[in-house]
Amino acid sequence: MKKISENLGNNNGRLTIGGVDAVALAEKYGTPLYVMDEDLMASTAKAYTEAIEKAYGKGNGMILYASKAFCCLESCRFAKRNGLGLDVVSGGELYTALKAGFPVEKIYFHGNNKTKAELKMAMENGVGRVVVDNVTELENLGAAAAEARKTAKILFRIKPGIDAHTHNYVRTGAIDSKFGFALENGEAFEAAARAKEMKNIEIIGVHCHIGSQIFDIEPFEDAAEVMLRFMAEIKNKLGVTVKELNLGGGYGIKYVDGNDPVPYGDYIAKISVRVRKVCEKLGLSLPFILMEPGRSLVGPAGVTLYTIGGVKEIKGIRNYVSVDGGMTDNPRYALYKSDYTVVLADRVGEKPAGKYTVAGRCCESGDLIQEDVPLPEPKAGEILAVLATGAYNYSMAMNYNRVPRAPVVGLSGGVDRLWIKRESYDDLIKNDI
Ligand SMILES: *Cc1c(COP(=O)(O)O)cnc(C)c1O
């Protein structure tokens, strides 16, 4: 397995991203700075698209980019350019996609509590699919569709009863999830029966998403089988043929050495074997297959650059290295104790001098990026890089302590281009009255 450091460009000990010198980028744009390697994003998109075509045949499947991982105009344009569909989970993500000129029929609207206003917005703009989470939403959607004189094309969000958050997954743990309809208690079937009777609703498919940062293939295969059995039940008992099977996202990425992601093509190929087998057994024709990678499309492509401020060595206790960002640009360690790889951008590969805890600048003891990472002795003013920050960093960024959000720079063909400007102090007060 390749080490994460081998994925890095390293020019005489200086970190390069997409062929561009990281320190030079930090000097040009300032820090903190998010950098996205768009060429890597595009090659991942291509790998997914080719794998799904190979597994199911051209035109029988589609990759949707789960935009919550990183959502801005440029990420929507990226998805469009690369032939992907798009998941959105809010009016704000939908608005961004519409403003980016994303083809509306390829937008899938998710979420466990879409408001009436969001459903109206979806119907008026002709969103391709709404993934219905609960009965209240189904009724509200029916009303919104009627008012817009449209038919809502829906998928049902199903809890397949497979909990894949851990290596030793259990099959029954997911009924307590807040997302979607359970199968065990019949609520999914009842919802389908109700939807069949509704005038402005057309049942197109079923959807599941079993978790995130999953490295096993088997839970996905099992989920597909459970979903196909439900499709057969609806067909046999209600006479409704469901055309789309959406298997969600959750494919794991390498944050640190020791994370060993399965090549995305292997996932898709292996799952397709089970899908075909089960379809044959149940007498179903092969559905249109959708997959929704988020993290894996953008995560590995991102690097965050910071400038080091103070370094505190508390003898025998702990060493701190403070950076000019923190939980405001990457709240994931504070939220989930997520793993990250940290390097000094001008001394990659140099022997570590000790272990350092990377601290942010917020007035919170928990504002840490990572604890006890081996680093050469860091110096004030040096550029520190955190790797694989392309997913759930910018999209989770916040203004705590009135810290302006960091800008995003995209790299393509060795050329840097600003995607999102740095927030200004005026931006911070623009809604204050
Ligand atoms: C979050 C989410 C995804 C993407 O998950 P990743 O772990 O980022 O791949 C896909 N589908 C749905 C419905 C989600 O909620």
# chains A, B, ... in the order shown; residues from 1 in each chain; ligands from 1
$ select_by_dssp --residues "segment 31-247 of chain A" --states "helix (DSSP H, G or I)" --output "mmCIF file with C-alpha atoms, in the first residue's frame"
data_model
loop_
_atom_site.group_PDB
_atom_site.id
_atom_site.type_symbol
_atom_site.label_atom_id
_atom_site.label_comp_id
_atom_site.auth_asym_id
_atom_site.auth_seq_id
_atom_site.Cartn_x
_atom_site.Cartn_y
_atom_site.Cartn_z
ATOM 1 C CA GLU A 38 -8.803 19.688 -9.686
ATOM 2 C CA ASP A 39 -6.906 17.266 -11.929
ATOM 3 C CA LEU A 40 -7.063 14.669 -9.150
ATOM 4 C CA MET A 41 -10.790 15.310 -8.694
ATOM 5 C CA ALA A 42 -11.303 14.843 -12.444
ATOM 6 C CA SER A 43 -9.333 11.603 -12.581
ATOM 7 C CA THR A 44 -11.340 10.209 -9.661
ATOM 8 C CA ALA A 45 -14.585 11.201 -11.371
ATOM 9 C CA LYS A 46 -13.403 9.447 -14.523
ATOM 10 C CA ALA A 47 -12.491 6.286 -12.608
ATOM 11 C CA TYR A 48 -15.974 6.179 -11.057
ATOM 12 C CA THR A 49 -17.764 6.890 -14.322
ATOM 13 C CA GLU A 50 -15.800 4.286 -16.258
ATOM 14 C CA ALA A 51 -16.318 1.692 -13.534
ATOM 15 C CA ILE A 52 -20.080 2.133 -13.454
ATOM 16 C CA GLU A 53 -20.277 1.973 -17.266
ATOM 17 C CA LYS A 54 -18.180 -1.144 -17.297
ATOM 18 C CA ALA A 55 -20.231 -2.815 -14.569
ATOM 19 C CA TYR A 56 -23.715 -2.056 -15.899
ATOM 20 C CA SER A 67 -22.120 18.103 -2.926
ATOM 21 C CA LYS A 68 -22.322 18.446 0.847
ATOM 22 C CA ALA A 69 -18.687 17.275 0.949
ATOM 23 C CA LEU A 73 -20.155 27.246 -7.754
ATOM 24 C CA GLU A 74 -16.880 25.756 -8.946
ATOM 25 C CA SER A 75 -17.576 22.309 -7.455
ATOM 26 C CA CYS A 76 -20.937 22.269 -9.253
ATOM 27 C CA ARG A 77 -19.251 23.265 -12.515
ATOM 28 C CA PHE A 78 -16.717 20.511 -11.927
ATOM 29 C CA ALA A 79 -19.521 17.949 -11.561
ATOM 30 C CA LYS A 80 -21.196 19.265 -14.708
ATOM 31 C CA ARG A 81 -17.991 19.198 -16.784
ATOM 32 C CA GLY A 91 -32.178 25.012 -0.482
ATOM 33 C CA GLY A 92 -28.726 26.593 -0.239
ATOM 34 C CA GLU A 93 -26.982 23.747 -2.035
ATOM 35 C CA LEU A 94 -29.773 23.684 -4.617
ATOM 36 C CA TYR A 95 -29.442 27.442 -5.135
ATOM 37 C CA THR A 96 -25.682 27.071 -5.630
ATOM 38 C CA ALA A 97 -26.210 24.328 -8.219
ATOM 39 C CA LEU A 98 -28.823 26.370 -10.096
ATOM 40 C CA LYS A 99 -26.566 29.448 -10.103
ATOM 41 C CA VAL A 104 -31.562 20.489 -13.062
ATOM 42 C CA GLU A 105 -32.830 17.087 -14.199
ATOM 43 C CA LYS A 106 -29.628 15.534 -12.827
ATOM 44 C CA LYS A 116 -42.150 23.287 2.560
ATOM 45 C CA ALA A 117 -40.298 26.237 1.042
ATOM 46 C CA GLU A 118 -37.487 23.956 -0.135
ATOM 47 C CA LEU A 119 -39.945 21.466 -1.647
ATOM 48 C CA LYS A 120 -41.661 24.345 -3.458
ATOM 49 C CA MET A 121 -38.289 25.561 -4.733
ATOM 50 C CA ALA A 122 -37.458 22.047 -5.948
ATOM 51 C CA MET A 123 -40.759 21.679 -7.779
ATOM 52 C CA GLU A 124 -40.731 25.133 -9.347
ATOM 53 C CA ASN A 125 -37.205 24.640 -10.643
ATOM 54 C CA VAL A 135 -44.620 10.480 5.338
ATOM 55 C CA THR A 136 -45.069 14.133 6.304
ATOM 56 C CA GLU A 137 -42.599 15.078 3.617
ATOM 57 C CA LEU A 138 -44.382 12.853 1.093
ATOM 58 C CA GLU A 139 -47.659 14.692 1.730
ATOM 59 C CA ASN A 140 -45.951 18.116 1.620
ATOM 60 C CA LEU A 141 -44.230 17.191 -1.621
ATOM 61 C CA GLY A 142 -47.524 16.046 -3.135
ATOM 62 C CA ALA A 143 -49.010 19.446 -2.287
ATOM 63 C CA ALA A 144 -45.988 21.372 -3.615
ATOM 64 C CA ALA A 145 -46.046 19.367 -6.852
ATOM 65 C CA ALA A 146 -49.771 19.966 -7.319
ATOM 66 C CA GLU A 147 -49.329 23.675 -6.747
ATOM 67 C CA GLY A 173 -28.491 -1.398 14.159
ATOM 68 C CA ALA A 174 -29.813 1.105 11.704
ATOM 69 C CA ILE A 175 -33.543 1.133 12.491
ATOM 70 C CA ASP A 176 -32.798 3.874 15.035
ATOM 71 C CA GLU A 187 -43.252 1.741 7.166
ATOM 72 C CA ALA A 188 -41.335 1.706 3.889
ATOM 73 C CA PHE A 189 -43.961 -0.482 2.271
ATOM 74 C CA GLU A 190 -46.816 1.659 3.619
ATOM 75 C CA ALA A 191 -45.178 4.777 2.227
ATOM 76 C CA ALA A 192 -44.900 3.150 -1.188
ATOM 77 C CA ALA A 193 -48.567 2.143 -1.055
ATOM 78 C CA ARG A 194 -49.547 5.705 -0.142
ATOM 79 C CA ALA A 195 -47.340 7.256 -2.845
ATOM 80 C CA LYS A 196 -48.878 4.983 -5.464
ATOM 81 C CA GLU A 197 -52.273 6.564 -4.720
ATOM 82 C CA GLU A 218 -19.515 -6.472 1.797
ATOM 83 C CA PRO A 219 -21.884 -4.054 3.592
ATOM 84 C CA PHE A 220 -22.596 -2.391 0.232
ATOM 85 C CA GLU A 221 -23.318 -5.756 -1.393
ATOM 86 C CA ASP A 222 -25.627 -6.715 1.466
ATOM 87 C CA ALA A 223 -27.403 -3.362 1.320
ATOM 88 C CA ALA A 224 -27.939 -3.788 -2.433
ATOM 89 C CA GLU A 225 -29.490 -7.183 -1.846
ATOM 90 C CA VAL A 226 -31.855 -5.889 0.856
ATOM 91 C CA MET A 227 -32.904 -3.034 -1.430
ATOM 92 C CA LEU A 228 -33.571 -5.367 -4.363
ATOM 93 C CA ARG A 229 -35.739 -7.571 -2.163
ATOM 94 C CA PHE A 230 -37.778 -4.506 -1.221
ATOM 95 C CA MET A 231 -38.104 -3.599 -4.902
ATOM 96 C CA ALA A 232 -39.408 -7.106 -5.593
ATOM 97 C CA GLU A 233 -41.911 -6.765 -2.740
ATOM 98 C CA ILE A 234 -43.287 -3.504 -4.142
ATOM 99 C CA LYS A 235 -43.500 -5.030 -7.589
ATOM 100 C CA ASN A 236 -45.273 -8.158 -6.437
ATOM 101 C CA LYS A 237 -47.679 -6.608 -3.938
ATOM 102 C CA LEU A 238 -48.332 -3.160 -5.426
#
$ select_by_dssp --residues "segment 12-243 of chain A" --states "strand (DSSP E or B)" --output "PyMOL selection string"
chain A and resi 14-17+20-21+33-37+61-66+85-88+107-109+129-132+152-159+163+170+181-182+201-207+214
$ closest_atom_pairs --of "chain A" --to "ligand 1" --cutoff "9 Å" --atoms "only C-alpha atoms and all ligand atoms" --output "Markdown table"
| residue | atom | partner | partner_atom_place_in_ligand_line | distance |
| --- | --- | --- | --- | --- |
| A:Leu64 | CA | ligand 1 | 10 (C) | 8.3 |
| A:Tyr65 | CA | ligand 1 | 10 (C) | 7.8 |
| A:Ala66 | CA | ligand 1 | 4 (C) | 5.0 |
| A:Ser67 | CA | ligand 1 | 4 (C) | 7.9 |
| A:Lys68 | CA | ligand 1 | 1 (C) | 6.7 |
| A:Ala69 | CA | ligand 1 | 8 (O) | 5.6 |
| A:Asp87 | CA | ligand 1 | 11 (N) | 7.2 |
| A:Val88 | CA | ligand 1 | 13 (C) | 8.8 |
| A:Val89 | CA | ligand 1 | 15 (O) | 7.8 |
| A:His110 | CA | ligand 1 | 13 (C) | 6.2 |
| A:Gly111 | CA | ligand 1 | 15 (O) | 7.4 |
| A:Val131 | CA | ligand 1 | 13 (C) | 8.7 |
| A:Arg157 | CA | ligand 1 | 13 (C) | 8.3 |
| A:Phe179 | CA | ligand 1 | 15 (O) | 8.9 |
| A:His207 | CA | ligand 1 | 13 (C) | 8.0 |
| A:Cys208 | CA | ligand 1 | 13 (C) | 7.0 |
| A:His209 | CA | ligand 1 | 13 (C) | 5.4 |
| A:Ile210 | CA | ligand 1 | 12 (C) | 8.6 |
| A:Gly211 | CA | ligand 1 | 7 (O) | 6.5 |
| A:Ser212 | CA | ligand 1 | 7 (O) | 3.8 |
| A:Gln213 | CA | ligand 1 | 7 (O) | 5.5 |
| A:Ile214 | CA | ligand 1 | 7 (O) | 7.8 |
| A:Asn246 | CA | ligand 1 | 11 (N) | 8.9 |
| A:Leu247 | CA | ligand 1 | 11 (N) | 8.1 |
| A:Gly248 | CA | ligand 1 | 11 (N) | 4.4 |
| A:Gly249 | CA | ligand 1 | 9 (O) | 3.9 |
| A:Gly250 | CA | ligand 1 | 7 (O) | 3.3 |
| A:Tyr251 | CA | ligand 1 | 9 (O) | 5.3 |
| A:Gly252 | CA | ligand 1 | 7 (O) | 7.0 |
| A:Met291 | CA | ligand 1 | 10 (C) | 7.8 |
| A:Glu292 | CA | ligand 1 | 10 (C) | 4.7 |
| A:Pro293 | CA | ligand 1 | 9 (O) | 3.9 |
| A:Gly294 | CA | ligand 1 | 8 (O) | 3.4 |
| A:Arg295 | CA | ligand 1 | 8 (O) | 3.6 |
| A:Ser296 | CA | ligand 1 | 9 (O) | 5.9 |
| A:Leu297 | CA | ligand 1 | 9 (O) | 7.9 |
| A:Val298 | CA | ligand 1 | 8 (O) | 8.8 |
| A:Gly299 | CA | ligand 1 | 8 (O) | 8.5 |
| A:Ala391 | CA | ligand 1 | 8 (O) | 7.2 |
| A:Tyr392 | CA | ligand 1 | 8 (O) | 8.0 |
$ closest_residue --among "A:Asp216, A:Glu423, A:Glu377, A:Asp21" --to "Pro407 of chain A" --atoms "only C-alpha atoms"
A:Glu423
$ residues_around --residues "Glu244 of chain A" --least-positions-apart "4" --cutoff "7 Å" --atoms "only C-alpha atoms" --output "short mmCIF file (atom, residue, chain, number, x, y, z; two decimals) with C-alpha atoms, in the first residue's frame"
data_model
loop_
_atom_site.label_atom_id
_atom_site.label_comp_id
_atom_site.auth_asym_id
_atom_site.auth_seq_id
_atom_site.Cartn_x
_atom_site.Cartn_y
_atom_site.Cartn_z
CA ILE A 204 -39.00 6.09 -9.59
CA GLY A 205 -36.66 4.39 -7.19
CA VAL A 206 -35.23 3.52 -3.84
CA PRO A 287 -32.37 -1.29 -12.45
CA PHE A 288 -30.60 1.97 -13.34
CA ILE A 289 -27.82 2.17 -10.73
#
